Structures are given as structure tokens and as C-alpha cells.
file target-v9.cif (mmCIF, C-alpha atoms)
data_entry
loop_
_atom_site.label_atom_id
_atom_site.label_comp_id
_atom_site.auth_asym_id
_atom_site.auth_seq_id
_atom_site.Cartn_x
_atom_site.Cartn_y
_atom_site.Cartn_z
CA MET F 18 2.91 60.44 -92.86
CA GLY F 19 -0.10 58.44 -91.66
CA PHE F 20 -3.18 57.75 -93.71
CA TRP F 21 -5.48 60.03 -91.71
CA THR F 22 -2.97 62.86 -91.76
CA LEU F 23 -2.70 62.50 -95.52
CA PHE F 24 -6.49 62.25 -95.73
CA GLU F 25 -6.80 65.62 -94.02
CA VAL F 26 -4.18 67.21 -96.29
CA ALA F 27 -5.65 65.83 -99.52
CA SER F 28 -9.27 66.49 -98.63
CA MET F 29 -8.80 70.17 -97.73
CA PRO F 30 -8.72 71.53 -101.33
CA ILE F 31 -11.67 69.32 -102.27
CA LEU F 32 -13.68 70.57 -99.30
CA GLN F 33 -12.82 74.16 -100.22
CA VAL F 34 -14.23 73.62 -103.70
CA LEU F 35 -17.40 72.02 -102.32
CA ILE F 36 -17.97 74.79 -99.75
CA ILE F 37 -17.61 77.58 -102.33
CA SER F 38 -19.84 75.63 -104.74
CA LEU F 39 -22.54 75.38 -102.06
CA LEU F 40 -22.27 79.13 -101.54
CA GLY F 41 -22.78 79.69 -105.29
CA ALA F 42 -25.77 77.34 -105.22
CA PHE F 43 -27.30 79.24 -102.30
CA LEU F 44 -26.80 82.61 -104.03
CA ALA F 45 -28.58 81.23 -107.12
CA THR F 46 -31.68 79.99 -105.26
CA ASP F 47 -35.07 81.69 -105.59
CA TYR F 48 -34.77 82.63 -101.93
CA CYS F 49 -31.55 84.62 -102.38
CA LYS F 50 -31.76 85.69 -106.06
CA LEU F 51 -28.27 87.25 -106.06
CA PHE F 52 -26.71 85.00 -108.72
CA PRO F 53 -29.18 84.55 -111.61
CA GLU F 54 -28.31 82.95 -114.93
CA ASP F 55 -27.53 86.23 -116.72
CA THR F 56 -25.12 87.22 -113.97
CA ARG F 57 -23.38 83.85 -114.13
CA ARG F 58 -23.03 84.12 -117.90
CA SER F 59 -21.50 87.61 -117.67
CA LEU F 60 -19.12 86.56 -114.90
CA ASN F 61 -18.14 83.53 -116.94
CA LYS F 62 -17.10 85.76 -119.84
CA LEU F 63 -14.89 87.75 -117.47
CA VAL F 64 -13.30 84.52 -116.24
CA PHE F 65 -12.59 83.46 -119.83
CA VAL F 66 -11.23 86.77 -121.11
CA VAL F 67 -9.58 88.35 -118.04
CA PHE F 68 -9.12 86.18 -114.96
CA THR F 69 -7.89 82.88 -116.42
CA PRO F 70 -5.25 84.46 -118.76
CA SER F 71 -4.01 86.53 -115.80
CA LEU F 72 -3.65 83.41 -113.64
CA MET F 73 -1.75 81.59 -116.38
CA PHE F 74 0.66 84.47 -116.96
CA ALA F 75 1.30 85.30 -113.31
CA SER F 76 2.02 81.70 -112.29
CA LEU F 77 4.30 80.89 -115.21
CA ALA F 78 6.30 84.10 -115.53
CA LYS F 79 7.33 84.01 -111.87
CA THR F 80 8.09 80.34 -111.20
CA VAL F 81 9.12 78.59 -114.45
CA THR F 82 12.45 79.26 -116.17
CA LEU F 83 13.87 78.04 -119.48
CA GLN F 84 16.03 75.48 -117.66
CA ASP F 85 12.93 74.14 -115.90
CA ILE F 86 11.09 73.79 -119.20
CA ILE F 87 13.97 71.79 -120.65
CA SER F 88 14.52 69.51 -117.65
CA TRP F 89 10.81 68.87 -117.16
CA TRP F 90 10.20 67.94 -120.79
CA PHE F 91 8.38 64.73 -119.85
CA MET F 92 5.56 66.58 -118.08
CA PRO F 93 3.94 67.77 -121.36
CA VAL F 94 4.21 64.18 -122.64
CA ASN F 95 2.64 62.85 -119.45
CA MET F 96 -0.15 65.40 -119.72
CA GLY F 97 -0.77 64.39 -123.32
CA ILE F 98 -1.03 60.73 -122.26
CA THR F 99 -3.65 61.63 -119.63
CA PHE F 100 -5.73 63.44 -122.25
CA LEU F 101 -5.30 60.64 -124.79
CA VAL F 102 -6.18 57.79 -122.43
CA GLY F 103 -8.99 59.75 -120.79
CA GLY F 104 -10.38 60.71 -124.18
CA ILE F 105 -10.39 57.08 -125.33
CA VAL F 106 -12.12 55.95 -122.14
CA GLY F 107 -14.64 58.78 -122.46
CA TRP F 108 -15.31 57.80 -126.07
CA PHE F 109 -16.09 54.25 -124.95
CA VAL F 110 -18.42 55.62 -122.25
CA VAL F 111 -20.26 57.66 -124.89
CA LYS F 112 -20.54 54.74 -127.32
CA ILE F 113 -21.74 52.30 -124.67
CA LEU F 114 -24.19 54.52 -122.79
CA ARG F 115 -25.32 56.66 -125.78
CA PRO F 116 -26.12 59.96 -124.03
CA LYS F 117 -27.74 62.90 -125.80
CA LEU F 118 -25.68 64.55 -128.53
CA HIS F 119 -25.03 67.76 -126.61
CA LEU F 120 -23.49 65.76 -123.72
CA GLU F 121 -20.98 63.74 -125.74
CA GLY F 122 -18.25 66.38 -125.77
CA LEU F 123 -18.84 67.16 -122.09
CA ILE F 124 -18.46 63.51 -121.06
CA ILE F 125 -15.27 62.99 -123.08
CA ALA F 126 -13.84 66.26 -121.74
CA THR F 127 -14.55 65.37 -118.10
CA CYS F 128 -12.90 61.98 -118.58
CA SER F 129 -9.79 63.41 -120.25
CA ALA F 130 -9.20 66.85 -118.66
CA GLY F 131 -8.25 66.86 -114.99
CA ASN F 132 -7.92 69.73 -112.54
CA VAL F 133 -4.13 69.76 -112.79
CA GLY F 134 -3.82 73.42 -111.79
CA ASN F 135 -5.35 74.88 -108.65
CA LEU F 136 -5.73 71.56 -106.83
CA LEU F 137 -2.02 70.80 -107.25
CA LEU F 138 -1.15 74.37 -106.18
CA ILE F 139 -2.93 73.62 -102.89
CA LEU F 140 -2.17 69.93 -102.44
CA VAL F 141 1.56 69.76 -103.22
CA PRO F 142 2.67 72.60 -100.84
CA ALA F 143 0.35 71.15 -98.16
CA VAL F 144 2.09 67.78 -98.41
CA CYS F 145 5.49 69.52 -98.27
CA ASN F 146 4.53 71.44 -95.11
CA GLU F 147 3.77 68.29 -93.16
CA ASP F 148 6.36 67.46 -90.48
CA ARG F 149 6.74 63.88 -91.73
CA SER F 150 6.67 64.67 -95.42
CA PRO F 151 8.58 62.07 -97.46
CA PHE F 152 9.94 64.71 -99.85
CA GLY F 153 12.74 66.18 -97.73
CA ASN F 154 13.37 69.73 -96.57
CA ARG F 155 10.15 71.73 -96.19
CA ASP F 156 11.37 74.98 -97.80
CA VAL F 157 13.02 73.26 -100.76
CA CYS F 158 10.01 71.02 -101.26
CA ASN F 159 7.68 74.04 -101.15
CA SER F 160 9.66 76.02 -103.70
CA VAL F 161 10.18 73.15 -106.12
CA GLY F 162 6.65 71.83 -105.64
CA LEU F 163 5.16 75.23 -106.42
CA SER F 164 7.16 75.33 -109.66
CA TYR F 165 5.97 71.83 -110.62
CA ALA F 166 2.35 72.76 -109.88
CA SER F 167 2.57 76.05 -111.80
CA PHE F 168 4.07 74.31 -114.82
CA SER F 169 1.38 71.65 -114.57
CA MET F 170 -1.33 74.31 -114.41
CA ALA F 171 0.00 76.09 -117.50
CA LEU F 172 0.27 72.86 -119.49
CA GLY F 173 -3.19 71.82 -118.34
CA GLY F 174 -4.60 75.17 -119.42
CA PHE F 175 -2.97 74.80 -122.82
CA TYR F 176 -4.39 71.31 -123.36
CA ILE F 177 -7.80 72.19 -121.92
CA TRP F 178 -8.28 75.34 -123.98
CA THR F 179 -7.29 73.57 -127.18
CA ILE F 180 -8.41 69.92 -126.98
CA SER F 181 -11.26 70.04 -124.43
CA TYR F 182 -12.47 73.39 -125.76
CA GLN F 183 -12.77 71.89 -129.23
CA MET F 184 -14.61 68.82 -127.85
CA VAL F 185 -17.26 70.89 -126.09
CA LYS F 186 -17.51 73.34 -128.99
CA SER F 187 -17.91 70.61 -131.60
CA SER F 188 -20.59 68.85 -129.57
CA ALA F 189 -22.46 72.13 -129.01
CA VAL F 190 -22.34 73.06 -132.71
CA LYS F 191 -23.62 69.63 -133.79
CA SER F 192 -26.39 69.69 -131.20
CA LYS F 193 -27.58 73.17 -132.15
CA ALA F 194 -27.43 72.31 -135.87
CA LEU F 195 -29.57 69.23 -135.24
CA GLU F 196 -32.07 71.29 -133.23
CA ALA F 197 -32.26 73.87 -136.02
CA ALA F 198 -32.81 71.14 -138.62
CA GLU F 199 -35.56 69.53 -136.56
CA GLU F 200 -37.23 72.89 -136.05
CA PHE F 201 -37.09 73.59 -139.79
CA VAL F 202 -38.58 70.21 -140.65
CA SER F 203 -41.37 70.70 -138.13
CA LYS F 204 -42.20 74.06 -139.70
CA VAL F 205 -42.26 72.49 -143.17
CA GLU F 206 -44.58 69.74 -141.94
CA ALA F 207 -46.83 72.34 -140.31
CA ASN F 208 -47.02 74.27 -143.56
CA ASN F 209 -47.91 71.09 -145.42
CA ASN F 210 -50.94 70.66 -143.16
CA LEU F 211 -52.53 73.93 -144.32
CA ASP F 212 -55.78 74.00 -146.18
CA ALA F 213 -55.26 72.16 -149.49
CA THR F 214 -57.18 74.68 -151.53
CA ALA F 215 -55.29 77.67 -150.21
CA GLN F 216 -51.98 75.89 -150.67
CA SER F 217 -52.81 74.95 -154.26
CA GLN F 218 -53.76 78.52 -155.06
CA LEU F 219 -50.50 79.79 -153.55
CA LEU F 220 -48.49 77.32 -155.59
CA LYS F 221 -50.26 78.34 -158.78
CA GLU F 222 -49.51 82.01 -158.18
CA ARG F 223 -45.88 81.41 -157.26
CA ASN F 224 -44.65 78.48 -159.27
CA GLU F 225 -41.01 79.46 -159.06
CA GLU F 226 -41.06 79.98 -155.29
CA GLY F 227 -42.84 76.66 -154.93
CA ALA F 228 -40.10 74.92 -156.86
CA ILE F 229 -37.44 76.45 -154.62
CA THR F 230 -39.36 75.38 -151.50
CA THR F 231 -39.66 71.84 -152.88
CA VAL F 232 -35.92 71.64 -153.50
CA ALA F 233 -35.13 72.96 -150.01
CA THR F 234 -37.52 70.44 -148.45
CA LYS F 235 -35.93 67.59 -150.34
CA GLU F 236 -32.52 68.67 -149.16
CA VAL F 237 -33.68 68.50 -145.55
CA GLU F 238 -35.44 65.17 -146.04
CA ASP F 239 -32.57 63.54 -147.89
CA PRO F 240 -29.33 65.41 -147.08
CA GLU F 241 -27.07 62.50 -148.06
CA GLN F 242 -28.53 62.31 -151.57
CA HIS F 243 -28.21 66.09 -151.94
CA ALA F 244 -24.59 65.95 -150.77
CA ILE F 245 -23.83 63.23 -153.33
CA VAL F 246 -25.41 65.19 -156.19
CA SER F 247 -23.59 68.37 -155.13
CA GLN F 248 -20.32 66.52 -154.90
CA GLU F 249 -20.76 64.98 -158.33
CA SER F 250 -21.55 68.38 -159.82
CA ARG F 251 -18.29 69.86 -158.62
CA PRO F 252 -15.14 69.48 -160.66
CA LYS F 253 -12.88 66.75 -159.34
CA GLN F 254 -9.82 67.99 -157.56
CA GLU F 255 -6.45 66.37 -157.67
CA GLY F 256 -5.30 64.42 -154.61
CA LYS F 257 -2.48 66.78 -153.74
CA GLY F 258 -4.68 69.85 -154.01
CA LEU F 259 -7.34 68.35 -151.76
CA LEU F 260 -4.71 67.30 -149.20
CA TRP F 261 -3.26 70.82 -149.17
CA VAL F 262 -6.72 72.32 -148.59
CA ASN F 263 -7.29 69.96 -145.65
CA VAL F 264 -3.89 70.78 -144.13
CA VAL F 265 -4.50 74.52 -144.41
CA ALA F 266 -7.96 74.16 -142.85
CA PHE F 267 -6.51 72.10 -139.97
CA LEU F 268 -3.72 74.62 -139.30
CA ARG F 269 -6.19 77.47 -139.44
CA GLN F 270 -8.36 75.73 -136.84
CA ILE F 271 -5.35 75.10 -134.58
CA LEU F 272 -4.32 78.76 -134.88
CA LYS F 273 -7.85 79.83 -134.01
CA GLU F 274 -7.83 77.69 -130.86
CA LEU F 275 -4.41 79.03 -129.88
CA MET F 276 -5.83 82.55 -129.99
CA ALA F 277 -8.15 81.80 -127.04
CA PRO F 278 -7.31 84.27 -124.21
CA PRO F 279 -6.21 81.60 -121.65
CA THR F 280 -3.85 80.05 -124.21
CA LEU F 281 -2.38 83.46 -125.06
CA GLY F 282 -1.84 84.09 -121.34
CA ALA F 283 0.03 80.80 -120.99
CA ILE F 284 2.21 81.53 -124.04
CA ALA F 285 3.06 85.00 -122.74
CA GLY F 286 3.93 83.50 -119.35
CA PHE F 287 6.27 80.98 -120.99
CA VAL F 288 8.00 83.76 -122.94
CA PHE F 289 8.54 85.99 -119.89
CA GLY F 290 9.61 83.09 -117.68
CA ALA F 291 12.06 81.66 -120.22
CA THR F 292 13.62 85.04 -121.18
CA VAL F 293 16.00 86.18 -118.45
CA TRP F 294 15.84 89.94 -119.01
CA LEU F 295 12.05 89.92 -119.35
CA ARG F 296 11.75 87.87 -116.18
CA LYS F 297 13.86 90.37 -114.26
CA LEU F 298 11.55 93.17 -115.34
CA ILE F 299 8.61 91.64 -113.48
CA ILE F 300 9.98 89.73 -110.45
CA CYS F 301 12.87 91.81 -109.07
CA GLU F 302 12.21 94.37 -106.33
CA GLY F 303 11.89 97.84 -107.86
CA ALA F 304 11.61 96.39 -111.38
CA PRO F 305 9.76 98.62 -113.87
CA LEU F 306 6.99 96.09 -114.51
CA ARG F 307 6.74 94.68 -110.98
CA VAL F 308 3.54 96.58 -110.27
CA MET F 309 2.09 95.21 -113.53
CA GLN F 310 2.93 91.65 -112.49
CA ASP F 311 1.34 92.18 -109.08
CA SER F 312 -1.80 93.61 -110.70
CA ILE F 313 -2.06 90.63 -113.07
CA LYS F 314 -1.59 88.23 -110.16
CA LEU F 315 -4.36 90.01 -108.26
CA LEU F 316 -6.70 89.47 -111.23
CA GLY F 317 -5.62 85.83 -111.55
CA ASP F 318 -6.42 85.14 -107.90
CA ALA F 319 -10.11 85.71 -108.70
CA THR F 320 -10.21 82.83 -111.22
CA ILE F 321 -10.71 79.83 -108.94
CA PRO F 322 -13.40 81.29 -106.63
CA CYS F 323 -15.35 82.73 -109.58
CA ILE F 324 -15.33 79.44 -111.51
CA THR F 325 -16.35 77.53 -108.40
CA LEU F 326 -19.20 79.93 -107.64
CA ILE F 327 -20.48 79.56 -111.23
CA ILE F 328 -20.39 75.77 -110.96
CA GLY F 329 -22.36 75.97 -107.72
CA GLY F 330 -24.89 78.37 -109.25
CA ASN F 331 -25.45 76.05 -112.20
CA LEU F 332 -25.90 73.15 -109.79
CA ILE F 333 -29.33 74.43 -108.69
CA GLY F 334 -30.68 74.19 -112.21
CA GLY F 335 -28.90 70.88 -112.70
CA LEU F 336 -30.58 69.25 -109.71
CA ARG F 337 -33.96 70.43 -110.98
CA SER F 338 -33.75 69.73 -114.70
CA SER F 339 -30.71 67.58 -115.43
CA LYS F 340 -31.54 64.31 -117.19
CA ILE F 341 -28.07 62.82 -117.11
CA LYS F 342 -28.08 59.06 -116.60
CA PRO F 343 -26.66 57.71 -113.33
CA LEU F 344 -24.58 55.25 -115.37
CA VAL F 345 -22.87 58.20 -117.08
CA ILE F 346 -21.83 59.55 -113.67
CA VAL F 347 -20.54 56.09 -112.70
CA GLY F 348 -18.64 55.86 -116.00
CA VAL F 349 -16.90 59.23 -115.49
CA VAL F 350 -16.04 58.38 -111.87
CA CYS F 351 -14.56 55.01 -112.88
CA ALA F 352 -12.57 56.63 -115.68
CA ARG F 353 -11.08 59.34 -113.45
CA TYR F 354 -10.48 57.38 -110.23
CA VAL F 355 -9.92 53.76 -111.31
CA ILE F 356 -8.63 53.46 -114.87
CA LEU F 357 -6.51 56.61 -115.18
CA PRO F 358 -4.61 56.26 -111.84
CA VAL F 359 -3.65 52.66 -112.63
CA ILE F 360 -2.38 53.67 -116.06
CA GLY F 361 -0.61 56.65 -114.48
CA ILE F 362 1.40 54.42 -112.15
CA TRP F 363 2.45 52.24 -115.06
CA VAL F 364 3.44 55.24 -117.25
CA VAL F 365 5.50 57.00 -114.57
CA LYS F 366 7.24 53.83 -113.40
CA ALA F 367 8.09 52.89 -117.00
CA ALA F 368 9.45 56.40 -117.69
CA ALA F 369 11.58 56.27 -114.52
CA LYS F 370 13.06 52.88 -115.48
CA LEU F 371 13.94 54.27 -118.93
CA GLY F 372 15.73 57.22 -117.31
CA LEU F 373 13.34 59.83 -118.70
CA LEU F 374 12.56 61.51 -115.36
CA PRO F 375 14.58 63.62 -112.92
CA SER F 376 15.66 61.85 -109.75
CA ASP F 377 13.35 63.98 -107.58
CA PRO F 378 10.50 61.76 -106.27
CA LEU F 379 8.29 64.85 -105.91
CA PHE F 380 8.33 65.25 -109.71
CA SER F 381 7.10 61.67 -110.14
CA TYR F 382 4.46 62.27 -107.46
CA VAL F 383 3.10 65.28 -109.38
CA LEU F 384 3.04 63.25 -112.61
CA MET F 385 0.98 60.53 -110.92
CA LEU F 386 -1.39 63.08 -109.40
CA GLN F 387 -2.14 64.39 -112.89
CA PHE F 388 -3.86 61.07 -113.61
CA THR F 389 -5.93 61.19 -110.41
CA VAL F 390 -7.44 64.66 -109.96
CA PRO F 391 -11.16 65.40 -110.58
CA PRO F 392 -12.33 67.07 -113.83
CA ALA F 393 -11.01 70.52 -114.73
CA SER F 394 -13.23 73.34 -113.49
CA ASN F 395 -12.65 75.22 -116.77
CA ILE F 396 -15.01 72.75 -118.45
CA GLY F 397 -17.82 74.51 -116.61
CA THR F 398 -16.65 77.77 -118.19
CA MET F 399 -16.83 76.19 -121.64
CA THR F 400 -20.35 74.83 -121.18
CA GLN F 401 -21.44 78.31 -120.10
CA LEU F 402 -19.75 79.91 -123.11
CA PHE F 403 -21.54 77.65 -125.60
CA ASP F 404 -24.79 77.49 -123.58
CA VAL F 405 -24.87 73.70 -123.59
CA GLY F 406 -24.98 71.15 -120.76
CA GLN F 407 -24.44 73.57 -117.86
CA GLU F 408 -26.80 71.71 -115.53
CA GLU F 409 -25.40 68.28 -116.42
CA CYS F 410 -21.85 69.60 -115.97
CA SER F 411 -22.68 70.83 -112.46
CA VAL F 412 -24.17 67.45 -111.49
CA LEU F 413 -21.09 65.64 -112.84
CA PHE F 414 -18.82 67.99 -110.90
CA LEU F 415 -20.80 67.53 -107.69
CA TRP F 416 -20.40 63.74 -107.71
CA THR F 417 -16.82 63.64 -109.00
CA TYR F 418 -15.61 66.12 -106.39
CA LEU F 419 -17.46 64.30 -103.60
CA VAL F 420 -15.78 61.03 -104.60
CA ALA F 421 -12.44 62.83 -105.00
CA ALA F 422 -12.30 63.55 -101.27
CA PHE F 423 -11.69 59.83 -100.67
CA ALA F 424 -10.20 58.71 -104.01
CA LEU F 425 -7.51 61.40 -104.19
CA THR F 426 -6.44 60.67 -100.62
CA THR F 427 -6.25 56.93 -101.20
CA TRP F 428 -4.25 57.24 -104.40
CA SER F 429 -1.92 59.86 -102.85
CA THR F 430 -1.11 57.38 -100.11
CA ILE F 431 -0.40 54.67 -102.69
CA PHE F 432 1.79 57.01 -104.76
CA MET F 433 3.90 58.01 -101.76
CA TRP F 434 4.30 54.40 -100.72
CA ILE F 435 5.47 53.49 -104.24
CA LEU F 436 7.91 56.41 -104.52
CA THR F 437 9.40 56.36 -101.02
#
call {"tool": "encode", "arguments": {"input": "target-v9.cif", "output": "C-alpha cells"}}
result
Amino acid sequence: MGFWTLFEVASMPILQVLIISLLGAFLATDYCKLFPEDTRRSLNKLVFVVFTPSLMFASLAKTVTLQDIISWWFMPVNMGITFLVGGIVGWFVVKILRPKLHLEGLIIATCSAGNVGNLLLILVPAVCNEDRSPFGNRDVCNSVGLSYASFSMALGGFYIWTISYQMVKSSAVKSKALEAAEEFVSKVEANNNLDATAQSQLLKERNEEGAITTVATKEVEDPEQHAIVSQESRPKQEGKGLLWVNVVAFLRQILKELMAPPTLGAIAGFVFGATVWLRKLIICEGAPLRVMQDSIKLLGDATIPCITLIIGGNLIGGLRSSKIKPLVIVGVVCARYVILPVIGIWVVKAAAKLGLLPSDPLFSYVLMLQFTVPPASNIGTMTQLFDVGQEECSVLFLWTYLVAAFALTTWSTIFMWILT
């Protein structure tokens, strides 16, 4: 397959995303006024609670079996390496460029979480359908490639809605807590500037309330000292007891993240796909739950266009008010399209030499692509959920997806040359 043929194949899904994003941006303009912020926020909640879990379940239950899960065991490891390496690179970008607090989680998430779902569902079958595809018979390649992409999408959803979700959530919580603290301090300072006589009279009449206010103000002004005093006043706990409390808190947090609707949809899809009799209930002609599976698939098909429209709608506000540094955009682009693909080649080649991968070159190709795709579109859903960094996220997505049209094609060519 020639370079320009591959360029056309690889750029099609990227162009689809950009076209739908531009449509969302147009609908959100003051001229059109069909996609305002409140509408985007409501649609985003539907994507999170209904559409994304449906997509996860429908894709997994139909295409991935227990034998596939066992034989493809390295794919979850590979996905974990992409998140680990991308997270480390994103952390360095944050420490070097020092963006605003509410953007730290977004930057690390865009560096670590790639669009390993819908792009692969489009790209891999498109490569298989080419007459000169290096991956053998078209029908076999299509069937196997769809299973690889579906498994990749489910794993990506699991990682994204646990790790990336926590990154964005943590950054949003810290940012909002800091804003609340600054607002409180400003109110205290404003109260201190009141007329001295009136303030003195108020303090004389309410000595006890004044003392409480003084203590609260000191806590805001010197939180570290207050934390130290509070810690010293508590009874000391034994090492084992404190460790147990930390373990329980960590497990509780993990369980809470696993209860996110997209994660539950992925888990349910794994269960139905891996259990033979449950799988027959939903995929066989005339099966009792076939109509249910088809209905869930119909809901899942709305996920990608809805997310893309929301990203486009947020882009209008991002171009107007986003204050993201150009160097941050350059850092994310370098992380996703320079550092991660190089590391991906090394990881996959090393795993193949150690005999950890199946002999199918298409499997290795999918593993390499997981290091190369643009940021996951679900990150836009998260920023909308926590009302933090939506405009900056849209600007990041605009540039990363524009660059992806060339970068993904170039790396795909290199991957095929290496594997075939």
C-alpha cells in the first residue's frame, strides 16, 4: 500500500471528527444559537450515563469472547504502559510550563489517554479493506481487526474512566477549593476594612462570635500551622491502624470510580462476551435478548457524534476566552506524536522478541497504534461534567486532531513497514 493511499485511509476518521466538530461549533455560534452551553451540558450528561455505557456493552458483548481475553492478555498491559508513559510525560510538561491549577489534570490526561476506541474501529477495518493491505485476506482481517478494536475500546474506556477521570476530577476539586479559599479571604479582608468604630462596637457586643471569627481567619491565613496543631491534638494512632485506614480509603475510592456508568457498561460487556450462554442470548438470530442488544447498540451509536458535537460547541468559547499557552499545545503534541510512538515501537518489538504476542502482525499493528492516536474524546465529557477547562480542552483537541491527520498517517506507514 502506497503512502498516499495510506494517507487517505488514515486521514478519513480524523477528517470526520473535524467536520462534525465544525458543525458543533457552527450550531453554538450567536448566529445559529441552537447549541448553547446549557444544552451541551445536558447532552453531555446523557453521553456519560446512557450513550457511552451502551457503546461499551454492545461492542464487547458481541465481538470479544473469553478465549480472546486470554490470548490477548498483553493488550491491557500495553494500554497501561501508554497511560503510564503518557502520564509521566504530561507531568513533566506541567512541571516545566506551570499552567494554571485547573489545567494540570487536563494536560496530563490528554498526554496519557488516547482515542483507542472509535478511531481504531474506523481505521483498522479501512486498512483491511484496501486491495493491497499487508494483513492478508480482507474478510478475515476485517473480522479479527474489529475484535481487536472493540477490545481496545473497552480497555481504553476502563482506563479512561478510572485513571483519567480521577486526574480531571482531582484537578477540578483542587482548583475550586482554591477559588473558594481566595473568595473567603477576600471577604474577610473586605470586612476588616469597615469603619473602625462600628467594628469595635460589634466586637464588644459579640465577644464570643468575634473570637470564633478570629480563629477561622487564622486558620485561613495559616492553614499549615492549624493542621499541625490539630494533628498534635489528636491521639496518636499505631502504624498498622493508620495503614489499614489508608488501604480502606484507597479501595473505597477505586470502587467508587468503578461504579461510573461507562465502566459498568464495559464490565457487563466483558461478562456477557465471556459467558457462552449469555452471549448466545444476545447475538443469535431469534434469541430472547437480541432486540435488547440491538436497542443498546442503537443507543451506543450516538456516542461518538454527540461527543464530537460537544467538543465543537465548546471550541467557540475556547477560541474566544481560552488562555492556554502555545507551549502547552506544543508539549501535548510532542508527547502524543513524537515520544509515545517511539516508545510504542520499542515496547511492541521487545514483547514480540520475548514471545509475549500472538503471531498475527495485525495485533502488533493495533498495539502500536494505541501509542499514536490523538487524545480521547471522553476527556471533553469529563471537563464538561466538572465544569472546568472546557474551552482549553476544545483548543487542545482542535490542534491535536489537525496534527493527527499527518502524524497518524506517517506513523501508520512506519508501523506497517516494520511489521511486514
call {"tool": "closest_residue", "arguments": {"input": "target-v9.cif", "among": "F:Leu123, F:Lys112, F:Pro53, F:Thr320", "to": "Gly397 (chain F)", "atoms": "only C-alpha atoms"}}
result
F:Leu123
call {"tool": "closest_residue", "arguments": {"input": "target-v9.cif", "among": "F:Phe201, F:Tyr48, F:Phe388, F:Ile139", "to": "Val102 (chain F)", "atoms": "all atoms listed in the file"}}
result
F:Phe388
call {"tool": "atom_distance", "arguments": {"input": "target-v9.cif", "atom1": "CA of Val185 (chain F)", "atom2": "CA of Pro392 (chain F)"}}
result
13.8 Å
call {"tool": "atom_distance", "arguments": {"input": "target-v9.cif", "atom1": "CA of Glu206 (chain F)", "atom2": "CA of Lys117 (chain F)"}}
result
24.3 Å
call {"tool": "residues_around", "arguments": {"input": "target-v9.cif", "residues": "Tyr165 (chain F)", "least_positions_apart": "2", "cutoff": "9 Å", "atoms": "all atoms listed in the file", "output": "PDB file with C-alpha atoms, in the coordinates of the input"}}
result
ATOM      1  CA  THR F  80       8.090  80.340-111.200  1.00  0.00           C
ATOM      2  CA  VAL F  81       9.120  78.590-114.450  1.00  0.00           C
ATOM      3  CA  TRP F  89      10.810  68.870-117.160  1.00  0.00           C
ATOM      4  CA  LEU F 137      -2.020  70.800-107.250  1.00  0.00           C
ATOM      5  CA  LEU F 138      -1.150  74.370-106.180  1.00  0.00           C
ATOM      6  CA  VAL F 141       1.560  69.760-103.220  1.00  0.00           C
ATOM      7  CA  SER F 160       9.660  76.020-103.700  1.00  0.00           C
ATOM      8  CA  VAL F 161      10.180  73.150-106.120  1.00  0.00           C
ATOM      9  CA  GLY F 162       6.650  71.830-105.640  1.00  0.00           C
ATOM     10  CA  LEU F 163       5.160  75.230-106.420  1.00  0.00           C
ATOM     11  CA  SER F 167       2.570  76.050-111.800  1.00  0.00           C
ATOM     12  CA  PHE F 168       4.070  74.310-114.820  1.00  0.00           C
ATOM     13  CA  SER F 169       1.380  71.650-114.570  1.00  0.00           C
ATOM     14  CA  MET F 170      -1.330  74.310-114.410  1.00  0.00           C
ATOM     15  CA  LEU F 379       8.290  64.850-105.910  1.00  0.00           C
ATOM     16  CA  PHE F 380       8.330  65.250-109.710  1.00  0.00           C
ATOM     17  CA  VAL F 383       3.100  65.280-109.380  1.00  0.00           C
TER      18      VAL F 383
END
call {"tool": "atom_distance", "arguments": {"input": "target-v9.cif", "atom1": "CA of Ala277 (chain F)", "atom2": "CA of Ile177 (chain F)"}}
result
10.9 Å
call {"tool": "decode", "arguments": {"input": "target-v9.cif", "residues": "region 345-361 of chain F", "atoms": "N, CA and C atoms", "output": "short mmCIF file (atom, residue, chain, number, x, y, z; two decimals), in the first residue's frame"}}
result
data_model
loop_
_atom_site.label_atom_id
_atom_site.label_comp_id
_atom_site.auth_asym_id
_atom_site.auth_seq_id
_atom_site.Cartn_x
_atom_site.Cartn_y
_atom_site.Cartn_z
N VAL F 345 2.11 24.85 25.81
CA VAL F 345 1.38 23.68 26.33
C VAL F 345 0.86 22.84 25.18
N ILE F 346 0.32 23.49 24.16
CA ILE F 346 -0.16 22.77 22.98
C ILE F 346 1.00 22.02 22.31
N VAL F 347 2.13 22.69 22.18
CA VAL F 347 3.32 22.05 21.58
C VAL F 347 3.75 20.86 22.43
N GLY F 348 3.73 21.01 23.76
CA GLY F 348 4.13 19.92 24.64
C GLY F 348 3.24 18.71 24.50
N VAL F 349 1.91 18.91 24.43
CA VAL F 349 0.97 17.80 24.27
C VAL F 349 1.16 17.13 22.92
N VAL F 350 1.34 17.92 21.86
CA VAL F 350 1.54 17.37 20.52
C VAL F 350 2.82 16.54 20.47
N CYS F 351 3.90 17.03 21.06
CA CYS F 351 5.16 16.28 21.08
C CYS F 351 5.02 14.98 21.88
N ALA F 352 4.30 15.05 22.99
CA ALA F 352 4.10 13.85 23.80
C ALA F 352 3.34 12.78 23.04
N ARG F 353 2.27 13.19 22.35
CA ARG F 353 1.39 12.21 21.69
C ARG F 353 1.96 11.70 20.37
N TYR F 354 2.69 12.54 19.61
CA TYR F 354 3.07 12.16 18.26
C TYR F 354 4.57 11.99 18.05
N VAL F 355 5.38 12.21 19.08
CA VAL F 355 6.82 12.00 18.96
C VAL F 355 7.31 11.00 20.00
N ILE F 356 7.10 11.30 21.26
CA ILE F 356 7.65 10.47 22.33
C ILE F 356 6.93 9.14 22.44
N LEU F 357 5.59 9.16 22.52
CA LEU F 357 4.84 7.92 22.71
C LEU F 357 4.98 6.93 21.54
N PRO F 358 4.91 7.35 20.26
CA PRO F 358 5.08 6.37 19.18
C PRO F 358 6.45 5.69 19.19
N VAL F 359 7.50 6.44 19.50
CA VAL F 359 8.84 5.85 19.55
C VAL F 359 8.91 4.79 20.65
N ILE F 360 8.38 5.13 21.81
CA ILE F 360 8.35 4.16 22.92
C ILE F 360 7.46 2.98 22.57
N GLY F 361 6.37 3.23 21.84
CA GLY F 361 5.47 2.14 21.44
C GLY F 361 6.15 1.12 20.55
#
